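Here is the file coords04.txt (compact mmCIF, C-alpha atoms).
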```
# COMPACT_ATOMS: atom_id res chain seq x y z
CA MET A 25 -86.28 96.39 39.94
CA ARG A 26 -83.30 94.06 40.17
CA ILE A 27 -80.95 94.09 43.15
CA TRP A 28 -77.70 92.15 43.43
CA GLY A 29 -76.63 90.80 46.81
CA LYS A 30 -73.08 89.50 47.35
CA LEU A 31 -71.34 88.01 50.38
CA ILE A 32 -67.65 88.96 50.46
CA ARG A 33 -64.85 87.61 52.68
CA GLU A 34 -61.21 88.67 52.28
CA ASN A 35 -62.03 90.25 48.89
CA HIS A 36 -63.45 86.98 47.55
CA LEU A 37 -67.02 86.42 46.43
CA LEU A 38 -68.61 83.69 48.56
CA LYS A 39 -72.18 83.82 47.24
CA ASP A 40 -74.30 86.08 45.11
CA THR A 41 -77.90 86.31 44.00
CA VAL A 42 -80.20 88.71 42.18
CA ALA A 43 -83.64 89.58 43.54
CA GLU A 44 -86.24 90.77 41.04
CA ILE A 45 -89.05 92.77 42.57
CA GLY A 46 -91.93 94.04 40.45
CA GLY A 47 -95.26 95.65 41.05
CA SER A 48 -96.45 99.13 41.81
CA ASP A 49 -95.01 99.47 45.32
CA SER A 50 -92.76 102.39 46.18
CA ARG A 51 -89.01 102.11 45.61
CA THR A 52 -88.46 101.80 49.37
CA HIS A 53 -90.89 98.87 49.64
CA LYS A 54 -89.21 97.14 46.70
CA VAL A 55 -85.76 97.63 48.24
CA MET A 56 -86.92 96.18 51.56
CA ALA A 57 -88.61 93.24 49.80
CA ALA A 58 -85.39 92.55 47.89
CA MET A 59 -83.41 92.64 51.15
CA ARG A 60 -85.80 90.11 52.72
CA GLU A 61 -85.54 87.84 49.69
CA ILE A 62 -81.74 88.01 49.54
CA CYS A 63 -81.39 87.34 53.26
CA LEU A 64 -83.75 84.34 52.99
CA ARG A 65 -81.67 82.91 50.14
CA PHE A 66 -78.46 83.37 52.13
CA ASP A 67 -80.08 82.19 55.39
CA LEU A 68 -79.13 85.47 57.11
CA PRO A 69 -80.87 87.78 59.53
CA GLU A 70 -81.79 91.11 57.95
CA PRO A 71 -79.17 93.78 58.65
CA ILE A 72 -79.87 97.05 60.40
CA TRP A 73 -79.84 100.06 58.07
CA LEU A 74 -77.40 102.48 59.67
CA ASP A 75 -77.22 106.15 58.63
CA MET A 76 -74.17 105.37 56.50
CA ASN A 77 -76.10 102.67 54.60
CA ILE A 78 -79.06 104.95 53.96
CA ARG A 79 -76.85 107.79 52.69
CA ASP A 80 -74.84 105.52 50.40
CA PHE A 81 -77.93 103.84 49.01
CA GLN A 82 -79.71 107.14 48.33
CA ARG A 83 -76.61 108.60 46.68
CA ILE A 84 -75.30 105.71 44.56
CA ALA A 85 -77.93 102.92 44.84
CA ARG A 86 -75.37 100.68 46.56
CA THR A 87 -74.27 100.00 50.12
CA ARG A 88 -72.31 97.51 52.19
CA PHE A 89 -73.51 95.98 55.43
CA TYR A 90 -70.59 95.18 57.74
CA ARG A 91 -70.59 93.22 61.00
CA ASP A 92 -71.94 96.18 62.98
CA SER A 93 -75.17 96.00 60.95
CA PHE A 94 -75.94 92.44 62.07
CA VAL A 95 -77.13 91.34 65.49
CA GLU A 96 -75.69 87.84 65.10
CA GLU A 97 -72.11 86.88 64.23
CA ILE A 98 -71.59 86.60 60.46
CA PRO A 99 -69.11 84.36 58.59
CA PHE A 100 -68.18 87.00 56.00
CA ASP A 101 -66.76 90.54 55.92
CA TYR A 102 -69.73 92.32 54.37
CA LEU A 103 -72.94 92.03 52.36
CA ASP A 104 -72.81 94.17 49.23
CA PHE A 105 -76.29 95.36 48.18
CA GLN A 106 -76.61 97.08 44.80
CA VAL A 107 -79.39 98.11 42.42
CA ILE A 108 -78.55 96.82 38.96
CA GLU A 109 -81.79 97.77 37.21
CA GLU A 110 -84.39 100.35 38.18
CA ASP A 111 -88.00 100.24 37.06
CA ASP A 112 -88.72 102.44 34.07
CA PRO A 113 -90.75 105.37 35.48
CA PHE A 114 -92.34 105.96 32.05
CA LEU A 115 -94.10 102.59 32.02
CA PHE A 116 -96.59 103.61 34.69
```
Show this structure as structure tokens.
Amino acid sequence: MRIWGKLIRENHLLKDTVAEIGGSDSRTHKVMAAMREICLRFDLPEPIWLDMNIRDFQRIARTRFYRDSFVEEIPFDYLDFQVIEEDDPFLF
């Protein structure tokens, strides 16, 4: 699974990275591992998954974490979190 994380401020890309998570864990575990990895690379606290984030991610495999998802103050408008490649379910 590959997940793309982007920090956006005023419609400009500040930073981006791609986390690649493999193994036989569930999709949820891979998503959470990717979030941890992306936040470590950006030196950010992990955001809180609000109901809106969960719904968006389940529906379109993408969500945005705004300021209300972070406990600390953040120097960007939002973190965009998007699946760019799913694991092939036929390989297992």
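Atom pair CA of Arg86 (chain A) / CA of Phe105 (chain A) has a distance of 5.6 Å (rounded to one decimal).
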Write out as a Markdown table a residue-level contact list of region 31-75 of chain A versus region 99-104 of chain A with cut-off 9 Å: for each qualifying residue the closest pair of atoms and the distance in Å to one decimal, counting all atoms listed in the file, rows sorted by chain and residue number upward.
```
| residue | atom | partner | partner_atom | distance |
| --- | --- | --- | --- | --- |
| A:Leu31 | CA | A:Leu103 | CA | 4.8 |
| A:Ile32 | CA | A:Tyr102 | CA | 5.6 |
| A:Arg33 | CA | A:Phe100 | CA | 4.7 |
| A:Glu34 | CA | A:Asp101 | CA | 6.9 |
| A:Asn35 | CA | A:Asp101 | CA | 8.5 |
| A:Leu38 | CA | A:Phe100 | CA | 8.2 |
```
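The gap separating CA of Ala43 (chain A) from CA of Glu61 (chain A) is 6.7 Å, in Å to one decimal.
The nearest approach to Phe94 (chain A) among the residues A:Gly29, A:Cys63, A:Pro69, A:Ala57, with only C-alpha atoms taken into account, belongs to A:Pro69.
The residue that comes closest to Asp67 (chain A), out of A:Asp49, A:Ser93, A:Lys39, A:Glu44 and on the basis of all atoms listed in the file, is A:Lys39.
Atom pair CA of Leu68 (chain A) / CA of Gln82 (chain A) has a distance of 23.4 Å (rounded to one decimal).
Considering the residues A:Arg65, A:Pro71, A:Met25, A:Leu37 and counting all atoms listed in the file, His53 (chain A) has its shortest atom-to-atom contact with A:Met25.
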Nearby residues (all atoms listed in the file) at most 9 Å from region 73-80 of chain A, same-chain spacing under 3 positions excluded, as JSON, numbers by chain: {"A": [83, 84, 85, 86, 87, 88, 89, 92, 93]}
Take the selection from the previous step and output its residues with C-alpha atoms, as an mmCIF file, in the coordinates of the input.
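So part-v3.cif came out as:
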```
data_model
loop_
_atom_site.group_PDB
_atom_site.id
_atom_site.type_symbol
_atom_site.label_atom_id
_atom_site.label_comp_id
_atom_site.auth_asym_id
_atom_site.auth_seq_id
_atom_site.Cartn_x
_atom_site.Cartn_y
_atom_site.Cartn_z
ATOM 1 C CA ARG A 83 -76.610 108.600 46.680
ATOM 2 C CA ILE A 84 -75.300 105.710 44.560
ATOM 3 C CA ALA A 85 -77.930 102.920 44.840
ATOM 4 C CA ARG A 86 -75.370 100.680 46.560
ATOM 5 C CA THR A 87 -74.270 100.000 50.120
ATOM 6 C CA ARG A 88 -72.310 97.510 52.190
ATOM 7 C CA PHE A 89 -73.510 95.980 55.430
ATOM 8 C CA ASP A 92 -71.940 96.180 62.980
ATOM 9 C CA SER A 93 -75.170 96.000 60.950
#
```
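Nearest residue to Phe81 (chain A), choosing from A:Val107, A:Glu97, A:Ser48, A:His36 and counting all atoms listed in the file: A:Val107.
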Where atoms are absent from region 34-56 of chain A, fill them in so it carries N, CA and C atoms, then output it as a JSON list (two decimals), in the frame of the given file.
```
[["chain", "number", "residue", "atom", "x", "y", "z"],
["A", 34, "GLU", "N", -62.60, 88.50, 52.71],
["A", 34, "GLU", "CA", -61.21, 88.67, 52.28],
["A", 34, "GLU", "C", -61.13, 88.93, 50.78],
["A", 35, "ASN", "N", -61.97, 89.83, 50.30],
["A", 35, "ASN", "CA", -62.03, 90.25, 48.89],
["A", 35, "ASN", "C", -62.37, 89.12, 47.92],
["A", 36, "HIS", "N", -63.00, 88.08, 48.41],
["A", 36, "HIS", "CA", -63.45, 86.98, 47.55],
["A", 36, "HIS", "C", -64.97, 86.86, 47.64],
["A", 37, "LEU", "N", -65.59, 86.62, 46.49],
["A", 37, "LEU", "CA", -67.02, 86.42, 46.43],
["A", 37, "LEU", "C", -67.36, 85.04, 46.96],
["A", 38, "LEU", "N", -68.18, 84.97, 48.01],
["A", 38, "LEU", "CA", -68.61, 83.69, 48.56],
["A", 38, "LEU", "C", -69.90, 83.22, 47.90],
["A", 39, "LYS", "N", -70.87, 84.13, 47.83],
["A", 39, "LYS", "CA", -72.18, 83.82, 47.24],
["A", 39, "LYS", "C", -72.72, 85.11, 46.63],
["A", 40, "ASP", "N", -73.58, 84.93, 45.62],
["A", 40, "ASP", "CA", -74.30, 86.08, 45.11],
["A", 40, "ASP", "C", -75.65, 85.63, 44.58],
["A", 41, "THR", "N", -76.57, 86.57, 44.51],
["A", 41, "THR", "CA", -77.90, 86.31, 44.00],
["A", 41, "THR", "C", -78.50, 87.64, 43.54],
["A", 42, "VAL", "N", -79.48, 87.53, 42.66],
["A", 42, "VAL", "CA", -80.20, 88.71, 42.18],
["A", 42, "VAL", "C", -81.67, 88.55, 42.54],
["A", 43, "ALA", "N", -82.22, 89.56, 43.19],
["A", 43, "ALA", "CA", -83.64, 89.58, 43.54],
["A", 43, "ALA", "C", -84.35, 90.48, 42.55],
["A", 44, "GLU", "N", -85.43, 89.98, 41.96],
["A", 44, "GLU", "CA", -86.24, 90.77, 41.04],
["A", 44, "GLU", "C", -87.56, 91.06, 41.72],
["A", 45, "ILE", "N", -87.85, 92.34, 41.89],
["A", 45, "ILE", "CA", -89.05, 92.77, 42.57],
["A", 45, "ILE", "C", -89.85, 93.65, 41.61],
["A", 46, "GLY", "N", -91.07, 93.26, 41.35],
["A", 46, "GLY", "CA", -91.93, 94.04, 40.45],
["A", 46, "GLY", "C", -93.11, 94.61, 41.21],
["A", 47, "GLY", "N", -94.04, 95.12, 40.46],
["A", 47, "GLY", "CA", -95.26, 95.65, 41.05],
["A", 47, "GLY", "C", -95.25, 97.16, 41.12],
["A", 48, "SER", "N", -96.27, 97.67, 41.77],
["A", 48, "SER", "CA", -96.45, 99.13, 41.81],
["A", 48, "SER", "C", -96.11, 99.72, 43.18],
["A", 49, "ASP", "N", -95.44, 98.94, 44.02],
["A", 49, "ASP", "CA", -95.01, 99.47, 45.32],
["A", 49, "ASP", "C", -94.00, 100.59, 45.14],
["A", 50, "SER", "N", -93.77, 101.32, 46.21],
["A", 50, "SER", "CA", -92.76, 102.39, 46.18],
["A", 50, "SER", "C", -91.37, 101.77, 46.08],
["A", 51, "ARG", "N", -90.40, 102.57, 45.72],
["A", 51, "ARG", "CA", -89.01, 102.11, 45.61],
["A", 51, "ARG", "C", -88.54, 101.56, 46.95],
["A", 52, "THR", "N", -88.88, 102.24, 48.04],
["A", 52, "THR", "CA", -88.46, 101.80, 49.37],
["A", 52, "THR", "C", -89.02, 100.42, 49.68],
["A", 53, "HIS", "N", -90.29, 100.18, 49.39],
["A", 53, "HIS", "CA", -90.89, 98.87, 49.64],
["A", 53, "HIS", "C", -90.22, 97.79, 48.79],
["A", 54, "LYS", "N", -89.88, 98.11, 47.56],
["A", 54, "LYS", "CA", -89.21, 97.14, 46.70],
["A", 54, "LYS", "C", -87.81, 96.81, 47.22],
["A", 55, "VAL", "N", -87.10, 97.83, 47.68],
["A", 55, "VAL", "CA", -85.76, 97.63, 48.24],
["A", 55, "VAL", "C", -85.83, 96.73, 49.47],
["A", 56, "MET", "N", -86.78, 96.99, 50.34],
["A", 56, "MET", "CA", -86.92, 96.18, 51.56],
["A", 56, "MET", "C", -87.34, 94.75, 51.22]]
```
